[in-house]
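Structure file work26.txt (compact mmCIF, C-alpha atoms) is printed below.
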```txt
# COMPACT_ATOMS: atom_id res chain seq x y z
CA MET A 1 106.62 -233.73 4.11
CA SER A 2 110.28 -234.58 4.25
CA ASP A 3 112.20 -234.39 7.50
CA SER A 4 115.59 -233.00 6.54
CA ALA A 5 115.73 -231.01 9.76
CA ALA A 6 116.26 -234.29 11.63
CA GLU A 7 119.75 -234.56 10.12
CA THR A 8 120.96 -231.63 12.25
CA THR A 9 120.25 -233.29 15.63
CA VAL A 10 122.90 -235.62 17.06
CA PHE A 11 122.34 -237.87 20.12
CA GLU A 12 125.20 -239.58 21.97
CA HIS A 13 124.72 -242.06 24.82
CA VAL A 14 126.86 -240.82 27.73
CA GLY A 15 125.55 -242.71 30.76
CA ASN A 16 123.03 -245.08 32.22
CA ASP A 17 119.31 -244.55 32.78
CA GLY A 18 118.60 -242.86 29.46
CA LEU A 19 121.17 -240.05 29.77
CA TYR A 20 122.23 -238.68 26.38
CA ALA A 21 124.19 -235.72 25.06
CA VAL A 22 122.36 -233.84 22.33
CA SER A 23 123.80 -231.26 19.95
CA GLY A 24 122.92 -229.36 16.84
CA SER A 25 126.06 -230.70 15.11
CA ASP A 26 128.94 -233.02 15.88
CA GLY A 27 131.69 -230.45 15.90
CA TYR A 28 131.27 -227.88 18.65
CA PRO A 29 131.45 -228.90 22.33
CA GLU A 30 129.60 -225.83 23.55
CA GLU A 31 126.52 -227.03 21.68
CA TYR A 32 126.17 -230.18 23.78
CA ARG A 33 123.38 -230.49 26.34
CA LEU A 34 122.50 -233.39 28.62
CA LEU A 35 119.10 -234.91 28.01
CA GLU A 36 117.34 -237.53 30.14
CA LEU A 37 115.16 -239.62 27.86
CA THR A 38 112.19 -241.74 28.81
CA PRO A 39 112.77 -245.52 28.50
CA GLU A 40 110.56 -245.61 25.39
CA ILE A 41 112.50 -242.88 23.58
CA ALA A 42 115.87 -244.31 24.69
CA ALA A 43 114.78 -247.65 23.21
CA GLN A 44 113.98 -245.91 19.92
CA LEU A 45 117.51 -244.50 19.79
CA ASP A 46 119.16 -247.75 20.85
CA ALA A 47 117.25 -249.51 18.07
CA GLY A 48 118.89 -247.17 15.57
CA ASP A 49 115.88 -244.94 14.91
CA THR A 50 117.06 -241.77 13.16
CA THR A 51 113.77 -239.87 13.09
CA LEU A 52 114.13 -238.18 16.49
CA VAL A 53 114.62 -234.45 16.10
CA VAL A 54 114.73 -231.34 18.27
CA ARG A 55 112.74 -228.50 16.74
CA GLY A 56 112.15 -224.84 17.43
CA ARG A 57 113.35 -221.36 16.62
CA ASP A 58 115.94 -219.60 18.75
CA THR A 59 113.09 -217.91 20.60
CA ASP A 60 111.11 -221.16 21.16
CA ALA A 61 111.34 -223.56 24.07
CA ALA A 62 112.94 -226.63 22.49
CA VAL A 63 110.66 -229.56 21.65
CA LEU A 64 111.74 -233.14 20.97
CA ILE A 65 109.70 -235.04 18.37
CA ASP A 66 110.03 -238.78 18.94
CA ALA A 67 109.71 -241.65 16.45
CA ASN A 68 105.96 -241.81 17.07
CA GLU A 69 105.70 -238.07 16.32
CA GLN A 70 104.80 -237.25 19.92
CA ALA A 71 106.05 -233.86 21.13
CA HIS A 72 108.00 -233.46 24.38
CA ALA A 73 108.95 -230.10 25.87
CA MET A 74 112.59 -229.98 27.02
CA HIS A 75 112.78 -228.41 30.49
CA THR A 76 116.08 -227.41 32.08
CA ALA A 77 116.91 -228.85 35.49
CA HIS A 78 119.99 -227.53 37.30
CA THR A 79 122.14 -229.95 39.26
CA SER A 80 124.92 -229.49 41.81
CA ASN A 81 126.91 -232.23 40.08
CA SER A 82 129.06 -231.76 37.01
CA MET A 83 129.55 -234.09 34.10
CA TYR A 84 132.68 -234.02 31.97
CA LEU A 85 132.42 -235.14 28.33
CA LEU A 86 135.73 -236.66 27.21
CA THR A 87 136.94 -238.00 23.88
CA GLN A 88 139.94 -240.14 22.96
CA ASP A 89 142.46 -238.34 20.76
CA SER A 90 145.93 -239.79 19.98
CA ARG A 91 145.91 -241.91 23.13
CA GLN A 92 144.88 -238.94 25.27
CA LEU A 93 141.61 -238.06 26.88
CA VAL A 94 140.45 -234.63 25.70
CA LEU A 95 137.92 -232.61 27.67
CA ARG A 96 135.10 -231.62 25.34
CA THR A 97 132.92 -229.74 27.80
CA LYS A 98 131.64 -229.58 31.38
CA LEU A 99 127.89 -229.58 31.96
CA HIS A 100 125.80 -228.53 34.97
CA GLN A 101 122.31 -228.82 33.48
CA VAL A 102 120.08 -231.66 32.39
CA PHE A 103 117.02 -231.44 30.17
CA ASP A 104 114.06 -233.62 31.10
CA LEU A 105 111.04 -234.29 28.90
CA GLN A 106 107.38 -233.52 29.47
CA PRO A 107 104.55 -234.22 27.00
CA THR A 108 103.38 -231.07 25.26
CA ARG A 109 101.03 -230.01 22.49
CA PRO A 110 102.69 -227.33 20.36
CA GLN A 111 100.42 -224.84 18.63
CA ILE A 112 100.89 -226.35 15.19
CA ARG A 113 98.02 -224.64 13.37
CA ALA A 114 98.98 -221.11 14.41
CA ARG A 115 102.61 -221.63 13.38
CA VAL A 116 101.71 -223.29 10.06
CA LEU A 117 99.38 -220.40 9.18
CA GLU A 118 102.07 -217.88 10.13
CA VAL A 119 104.64 -219.55 7.88
CA LEU A 120 102.23 -219.90 4.95
CA GLN A 121 101.51 -216.16 5.13
CA TRP A 122 105.17 -215.42 4.40
CA ASP A 123 104.35 -216.12 0.75
CA THR A 124 102.93 -212.69 -0.04
CA ARG A 125 101.40 -213.77 -3.35
CA GLY A 126 98.29 -214.43 -1.30
CA ALA A 127 95.84 -217.29 -1.56
CA PHE A 128 95.75 -219.27 -4.82
CA ARG A 129 92.64 -218.50 -6.88
CA GLY A 130 93.43 -220.50 -10.02
CA THR A 131 96.11 -220.51 -12.70
CA GLU A 132 94.37 -217.73 -14.65
CA PHE A 133 95.11 -215.30 -11.80
CA GLU A 134 98.81 -216.15 -11.63
CA HIS A 135 101.26 -213.87 -13.43
CA ASP A 136 104.30 -215.17 -15.30
CA GLY A 137 103.62 -218.71 -14.10
CA SER A 138 104.43 -217.73 -10.52
CA VAL A 139 102.72 -220.81 -9.15
CA THR A 140 105.67 -222.84 -10.44
CA ASN A 141 108.37 -220.18 -10.54
CA ASP A 142 111.52 -221.26 -8.67
CA GLU A 143 113.61 -218.32 -9.74
CA SER A 144 113.94 -214.89 -8.15
CA VAL A 145 111.53 -214.37 -5.28
CA THR A 146 110.41 -210.78 -4.91
CA ASP A 147 107.10 -211.35 -3.14
CA GLY A 148 107.81 -213.10 0.13
CA VAL A 149 109.17 -216.51 1.08
CA ARG A 150 108.49 -219.69 -0.85
CA VAL A 151 107.31 -222.19 1.75
CA THR A 152 108.85 -225.64 1.39
CA ASP A 153 108.89 -228.75 3.60
CA THR A 154 112.28 -227.61 4.88
CA VAL A 155 110.94 -224.18 5.89
CA LEU A 156 108.01 -225.79 7.69
CA GLY A 157 110.35 -228.22 9.46
CA GLN A 158 112.51 -225.35 10.68
CA HIS A 159 109.64 -223.40 12.20
CA VAL A 160 106.88 -225.86 13.18
CA GLN A 161 107.49 -227.98 16.28
CA ALA A 162 105.68 -231.12 15.16
CA GLY A 163 106.11 -234.32 13.18
CA ARG A 164 105.27 -234.75 9.53
CA THR A 165 101.87 -236.39 10.04
CA HIS A 166 100.59 -233.69 12.39
CA VAL A 167 101.83 -230.88 10.14
CA ARG A 168 100.27 -232.50 7.08
CA ARG A 169 96.95 -232.83 8.90
CA VAL A 170 96.95 -229.08 9.57
CA LEU A 171 97.99 -228.29 5.99
CA ASP A 172 95.03 -230.33 4.75
CA ASP A 173 92.68 -228.58 7.17
CA VAL A 174 93.74 -225.06 6.08
CA LEU A 175 93.40 -225.98 2.39
CA ALA A 176 97.10 -225.84 1.55
CA PHE A 177 98.57 -227.65 -1.44
CA ARG A 178 102.13 -228.34 -2.55
CA HIS A 179 102.93 -227.82 -6.22
CA ASN A 180 104.46 -230.95 -7.73
CA VAL A 181 107.05 -229.01 -9.75
CA SER A 182 108.18 -226.24 -7.41
CA GLY A 183 107.59 -228.04 -4.11
CA HIS A 184 106.10 -224.83 -2.68
CA TRP A 185 103.15 -224.87 -0.29
CA ARG A 186 100.34 -222.45 -1.00
CA VAL A 187 96.91 -221.82 0.58
CA LEU A 188 93.80 -222.10 -1.54
CA ASP A 189 91.40 -219.16 -1.56
CA ALA A 190 88.27 -220.26 0.34
CA GLY A 191 85.95 -219.09 -2.43
CA TYR A 192 88.00 -220.90 -5.08
CA ALA A 193 88.05 -224.10 -3.01
CA SER A 194 84.28 -223.88 -2.66
CA ASP A 195 83.94 -223.45 -6.43
CA VAL A 196 86.16 -226.49 -7.08
CA LEU A 197 84.07 -228.53 -4.63
CA ARG A 198 80.88 -227.55 -6.46
CA VAL A 199 82.42 -228.48 -9.82
CA ILE A 200 83.41 -231.88 -8.42
CA LEU A 201 79.89 -232.46 -7.09
CA ALA A 202 78.28 -231.34 -10.36
CA THR A 203 80.57 -233.67 -12.34
CA HIS A 204 79.68 -236.48 -9.91
CA VAL A 205 76.06 -236.13 -11.05
CA GLU A 206 76.99 -236.03 -14.76
CA ARG A 207 79.28 -239.06 -14.54
CA ASP A 208 77.37 -240.96 -11.88
CA TRP A 209 80.36 -241.17 -9.55
CA PRO A 210 79.69 -242.68 -6.12
CA LEU A 211 80.37 -239.98 -3.52
CA ASP A 212 81.93 -242.55 -1.22
CA ALA A 213 84.49 -243.79 -3.77
CA LEU A 214 86.18 -240.80 -5.43
CA HIS A 215 89.69 -241.08 -6.91
CA VAL A 216 91.92 -238.03 -7.36
CA ASP A 217 93.13 -239.01 -10.84
CA THR A 218 89.61 -239.75 -12.08
CA VAL A 219 88.29 -236.43 -10.80
CA TYR A 220 91.28 -234.51 -12.13
CA SER A 221 91.00 -236.05 -15.60
CA ALA A 222 87.36 -235.02 -15.80
CA LEU A 223 87.94 -231.48 -14.54
CA HIS A 224 91.26 -230.45 -16.08
CA ALA A 225 90.25 -230.43 -19.74
CA GLU A 226 87.61 -227.73 -19.27
CA SER A 227 88.54 -226.01 -16.00
CA HIS A 228 92.37 -226.20 -16.01
CA ILE A 229 92.27 -227.16 -12.34
CA LEU A 230 95.58 -228.46 -11.02
CA ARG A 231 95.73 -232.04 -9.79
CA GLU A 232 97.24 -230.79 -6.53
CA VAL A 233 94.20 -228.55 -6.04
CA VAL A 234 91.81 -231.46 -6.60
CA ASP A 235 93.79 -233.46 -4.04
CA ALA A 236 93.71 -230.59 -1.50
CA VAL A 237 89.94 -230.10 -1.89
CA LEU A 238 89.21 -233.80 -1.45
CA ARG A 239 91.48 -234.00 1.59
CA ARG A 240 89.60 -231.09 3.19
CA PHE A 241 86.04 -232.16 2.42
CA ALA A 242 86.29 -235.97 2.30
CA THR A 243 87.74 -238.80 4.34
CA GLU A 244 90.44 -240.97 2.78
CA GLN A 245 91.06 -244.67 3.05
CA MET A 246 93.63 -246.44 0.87
CA GLY A 247 93.60 -243.61 -1.69
CA VAL A 248 89.80 -243.59 -2.01
CA PHE A 249 87.86 -240.51 -0.83
CA ALA A 250 84.34 -240.42 0.62
CA MET A 251 82.64 -237.02 0.70
CA ASP A 252 81.96 -235.94 4.29
CA THR A 253 78.89 -233.73 4.68
CA ARG A 254 79.89 -232.68 8.20
CA ARG A 255 83.26 -231.37 6.99
CA VAL A 256 81.52 -229.37 4.28
CA CYS A 257 79.10 -227.94 6.87
CA VAL A 258 81.95 -226.87 9.17
CA PHE A 259 83.70 -225.11 6.28
CA LEU A 260 80.53 -223.30 5.20
CA ALA A 261 79.79 -222.31 8.81
CA GLU A 262 83.27 -220.76 9.03
CA GLN A 263 82.53 -218.69 5.93
CA ILE A 264 79.11 -217.61 7.24
CA PHE A 265 80.50 -216.46 10.57
CA ALA A 266 83.43 -214.69 8.88
CA SER A 267 81.07 -212.79 6.58
CA ALA A 268 79.36 -210.98 9.45
CA GLY A 269 82.16 -210.25 11.88
CA SER A 270 81.49 -211.09 15.52
CA ARG A 271 77.73 -210.57 15.67
CA ALA A 272 75.59 -213.25 17.29
CA TRP A 273 73.43 -215.34 14.95
CA PRO A 274 69.94 -216.56 15.88
CA VAL A 275 69.90 -220.32 15.24
CA PRO A 276 66.99 -220.18 12.73
CA GLU A 277 68.78 -217.48 10.70
CA PHE A 278 72.07 -219.39 10.76
CA LEU A 279 70.47 -222.65 9.62
CA ARG A 280 68.73 -220.83 6.74
CA ALA A 281 72.10 -219.40 5.65
CA LEU A 282 73.74 -222.82 5.95
CA ARG A 283 71.04 -224.51 3.87
CA ALA A 284 71.27 -221.74 1.25
CA THR A 285 75.01 -222.25 0.77
CA MET A 286 74.98 -226.07 0.96
CA PRO A 287 75.69 -227.72 -2.41
CA PRO A 288 72.44 -229.28 -3.69
CA GLN A 289 74.13 -232.67 -4.12
CA LEU A 290 74.63 -232.93 -0.34
CA SER A 291 71.91 -233.20 2.27
CA LEU A 292 71.92 -231.12 5.44
CA HIS A 293 70.51 -233.49 8.03
CA GLU A 294 70.05 -230.86 10.72
CA ASP A 295 66.79 -230.67 12.67
CA MET A 296 66.44 -227.17 14.13
CA SER A 297 64.73 -228.61 17.21
CA GLU A 298 68.06 -230.28 18.07
CA TRP A 299 69.91 -226.94 18.06
CA GLY A 300 68.92 -225.77 21.51
CA SER A 301 71.60 -224.22 23.73
CA ARG A 302 72.55 -227.56 25.32
CA SER A 303 73.34 -229.14 21.94
CA ILE A 304 75.55 -226.47 20.36
CA SER A 305 78.83 -227.77 21.86
CA THR A 306 78.42 -231.09 20.01
CA SER A 307 77.01 -229.67 16.75
CA VAL A 308 78.93 -228.80 13.57
CA VAL A 309 79.62 -225.36 15.07
CA GLY A 310 80.82 -226.75 18.42
CA LYS A 311 84.35 -225.37 17.88
CA LEU A 312 83.20 -222.25 16.05
CA ALA A 313 80.58 -220.68 18.30
CA VAL A 314 79.10 -220.77 21.79
CA ALA A 315 75.43 -220.70 22.73
CA THR A 316 74.07 -217.49 24.26
CA CYS A 317 70.65 -215.84 24.43
CA ALA A 318 68.88 -212.57 25.09
CA PRO A 319 69.19 -211.26 28.69
CA ALA A 320 65.53 -212.04 29.33
CA ASP A 321 66.17 -215.74 28.66
CA GLU A 322 69.45 -216.15 30.57
CA HIS A 323 67.71 -217.97 33.42
CA LEU A 324 67.04 -220.82 30.94
CA LEU A 325 70.60 -221.10 29.65
CA HIS A 326 71.76 -223.59 32.30
CA SER A 327 68.38 -225.06 33.16
CA PRO A 328 67.65 -228.78 32.60
CA ASN A 329 66.23 -228.18 29.09
CA GLY A 330 68.30 -225.12 28.19
CA VAL A 331 67.19 -222.40 25.78
CA PRO A 332 65.09 -223.64 22.83
CA ALA A 333 66.57 -223.34 19.35
CA SER A 334 64.19 -220.53 18.41
CA LEU A 335 65.70 -218.34 21.16
CA THR A 336 69.33 -219.52 21.04
CA LEU A 337 72.02 -217.20 19.69
CA LEU A 338 75.34 -218.40 18.24
CA LEU A 339 78.29 -216.22 19.28
CA PRO A 340 81.24 -216.87 16.92
CA LEU A 341 84.57 -217.71 18.59
CA ASP A 342 87.68 -218.38 16.53
CA ASN A 343 90.25 -220.51 18.37
CA ASN A 344 92.93 -219.25 15.99
CA THR A 345 92.58 -215.74 17.42
CA LEU A 346 92.56 -216.82 21.08
CA PRO A 347 95.78 -216.73 23.18
CA GLN A 348 97.87 -219.90 23.47
CA ASP A 349 98.51 -219.44 27.20
CA VAL A 350 95.89 -221.18 29.37
CA ARG A 351 95.30 -218.24 31.72
CA ALA A 352 95.04 -215.74 28.85
CA ARG A 353 92.75 -218.12 26.91
CA MET A 354 90.44 -218.48 29.90
CA ARG A 355 90.39 -214.71 30.38
CA GLY A 356 89.37 -214.27 26.74
CA LEU A 357 86.61 -216.90 26.99
CA PHE A 358 85.16 -215.35 30.14
CA ALA A 359 85.30 -211.95 28.44
CA ALA A 360 83.20 -213.33 25.57
CA LYS A 361 80.70 -215.02 27.86
CA SER A 362 80.50 -214.56 31.63
CA LYS A 363 79.15 -218.02 32.55
CA TRP A 364 80.35 -221.39 31.24
CA THR A 365 79.96 -225.08 31.94
CA ALA A 366 82.86 -227.48 31.39
CA ARG A 367 80.90 -229.02 28.51
CA GLU A 368 80.65 -225.65 26.75
CA MET A 369 84.25 -224.63 27.33
CA ARG A 370 85.93 -227.94 26.44
CA PRO A 371 85.92 -227.43 22.63
CA PHE A 372 87.79 -224.15 23.07
CA LEU A 373 90.47 -225.55 25.38
CA GLU A 374 91.20 -229.06 24.12
CA ASP A 375 93.88 -227.85 21.69
CA LEU A 376 95.95 -226.77 24.72
CA VAL A 377 96.00 -230.29 26.22
CA ALA A 378 99.02 -232.45 25.39
CA ASP A 379 96.92 -235.63 25.05
CA ASP A 380 94.01 -236.33 22.68
CA ASN A 381 92.43 -238.83 25.10
CA PRO A 382 88.93 -237.45 25.94
CA SER A 383 89.25 -238.33 29.64
CA VAL A 384 92.62 -236.54 29.85
CA VAL A 385 91.15 -233.49 28.10
CA ALA A 386 88.16 -233.48 30.47
CA LYS A 387 90.41 -233.65 33.55
CA ALA A 388 92.60 -230.82 32.26
CA VAL A 389 89.60 -228.58 31.52
CA ASP A 390 88.07 -229.34 34.93
CA SER A 391 91.36 -228.47 36.67
CA TRP A 392 91.65 -225.16 34.77
CA LEU A 393 88.07 -224.23 35.61
CA LEU A 394 88.73 -224.93 39.29
CA LYS A 395 91.89 -222.81 39.13
CA PHE A 396 90.56 -219.88 37.12
CA GLY A 397 86.81 -220.03 37.78
CA ARG A 398 84.24 -220.10 40.57
CA GLY A 399 81.72 -222.90 40.24
CA VAL A 400 78.09 -222.92 41.36
CA ARG A 401 75.81 -225.91 40.85
CA GLY A 402 73.14 -225.07 38.28
CA SER A 403 69.55 -226.28 38.21
CA ASN A 404 70.48 -228.92 35.61
CA GLY A 405 73.12 -230.44 37.90
CA GLU A 406 76.10 -229.02 36.00
CA SER A 407 78.55 -226.60 37.62
CA VAL A 408 78.40 -223.11 36.11
CA TYR A 409 81.64 -221.14 36.27
CA THR A 410 82.39 -217.43 36.40
CA SER A 411 85.88 -215.92 36.22
CA ARG A 412 88.16 -215.47 39.19
CA ILE A 413 90.97 -214.05 37.04
CA ASN A 414 91.91 -210.53 38.06
```

Could you express the structure from this file as structure tokens?
Amino acid sequence: MSDSAAETTVFEHVGNDGLYAVSGSDGYPEEYRLLELTPEIAAQLDAGDTTLVVRGRDTDAAVLIDANEQAHAMHTAHTSNSMYLLTQDSRQLVLRTKLHQVFDLQPTRPQIRARVLEVLQWDTRGAFRGTEFEHDGSVTNDESVTDGVRVTDTVLGQHVQAGRTHVRRVLDDVLAFRHNVSGHWRVLDAGYASDVLRVILATHVERDWPLDALHVDTVYSALHAESHILREVVDAVLRRFATEQMGVFAMDTRRVCVFLAEQIFASAGSRAWPVPEFLRALRATMPPQLSLHEDMSEWGSRSISTSVVGKLAVATCAPADEHLLHSPNGVPASLTLLLPLDNNTLPQDVRARMRGLFAAKSKWTAREMRPFLEDLVADDNPSVVAKAVDSWLLKFGRGVRGSNGESVYTSRIN
């Protein structure tokens, strides 16, 4: 992604201790705001770094993205003092503006995935299912747009409050690709992406490719002649289902399992899946070239939060077995039910998210709830995430020590 939006943010050092004036341009005094930067961010500016940018729509709380692509929420603090911004003009001091507010910065974790998905849906052509389903070459058409917005890097930069690396990671995860000619981002149809993956794996057998050393150009050259698959599509599929190092991709069975699990859960709405039935469905859809190393005996209720469905479903059971759910050994796999939960449909506010989780399941441990809350924590550090989840459970839940030593929480939200 390019970062053209950064060109619209201007920082001017106006005092000591990291105090800067920030504006959306360099021409209108009323657009200036005072901003107190952390020493680290001030050092980035003083060193001439030009990648700092303030992002957000008019209706968003402003977020500063620093040179390390960390997001910082800009909070307004009122002060009884006033600061006058003056400029020199023809030997006279000219008052530019008078300010009574200062922004300070607090680490935040914007909801990147939800916003990226929202923006991608503005292209009403729908998901890309292959060139044969496109009319009049619309996959590359830059001319008149009659079916929604064409999503470019600039559009994403205007609406997504995150740095390029974080946005690209989400784009890869949602199976989006950018056409090399038009520069437009488009989402791949899940069924089409699955078909492309299976073609890649079948060709790997024919050509004896090592699954831990795949190259985009090699795969594309083999596929394009017969299947007319775009190079960008090959790249998007490999980025979603493989890990990359120095341009070389290694197929990741766990990533494939997570994707297939998403499709299985989506196919049946919100019904709970018995673990044996789910594993049969997963094995049936798994490409034969990949091995599903999943022992059903390891899928008891206490293991679900760390399994491939840890962020997709929560372990439940029949009412008659609930007394086992938070026992030392938990519910055995043969009696465990998987209740699908889609983080993308849950509220972004902590209180509302907790209310929704307690509505789905009345009793939770911190271990079970953590996968469904960690995206709301501003830091990826596991210990920071654990502390945040524990504090939210203490605030919004009532804890009782279970027979396995873990605290079991019920809701105290009215």

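Using all atoms listed in the file, the shortest contact distance between A:Leu230 and any of A:Val151, A:Pro319, A:Asp212, A:Glu132 is found at A:Glu132.
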
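The residue that comes closest to A:Val256, out of A:Val275, A:Met74, A:Val309, A:Ile229 and on the basis of all atoms listed in the file, is A:Val309.
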
## Note on the structure
Min atom-atom distance to A:Arg164 from the set A:Thr218, A:Gln70, A:Asn180, A:Ser305, counting only C-alpha atoms, belongs to A:Gln70

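For the choices A:Ile112, A:Val199, A:Ala222, A:Leu292, the atom-to-atom distance to A:Arg168 is smallest for A:Ile112 when using all atoms listed in the file.
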
## Note on the structure
What separates atom CA of A:Ser362 and atom CA of A:Asn329 is a distance of 19.9 Å

#### Entry: Polymer residues at most 12 Å from A:Leu393, all atoms listed in the file, same-chain spacing of 4 or more positions, as a VMD selection string
chain A and resid 350 to 351 353 to 355 357 to 358 363 to 370 373 386 to 389 397 to 400 407 to 413

If you take every atom of stretch 169-183 of chain A that the file lists and fit an axis-aligned box around them with 3 Å extra on each side, what centre and edge lengths come out in Å to one decimal, as AutoDock Vina command-line options?
```
--center_x 100.4 --center_y -228.9 --center_z -0.1 --size_x 21.5 --size_y 13.8 --size_z 25.3
```

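Going from atom CA of A:Leu260 over to atom CA of A:Asn344, you cover 16.9 Å.
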
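Across A:Val377, A:Leu282, A:Leu120, A:Val219, the tightest approach to A:Cys257 is made by A:Leu282 when counting only C-alpha atoms.
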
### Query
Between atom CA of A:Arg255 and atom CA of A:Val308, what is the distance, to one decimal in Å?
8.3 Å

### Query
Which one of A:Leu376, A:Glu206, A:Leu339, A:Gly247 sits closest to A:Pro110 if you count all atoms listed in the file?
A:Leu376

### Message
Need to verify the contact set: A:His224, 12 Å, all atoms listed in the file, exclusion of same-chain residues closer than 2 positions in sequence. Can you return it as JSON, numbers by chain?
### Response
{"A": [130, 131, 196, 199, 200, 203, 216, 217, 218, 219, 220, 221, 222, 226, 227, 228, 229, 230, 231, 232, 233, 234]}
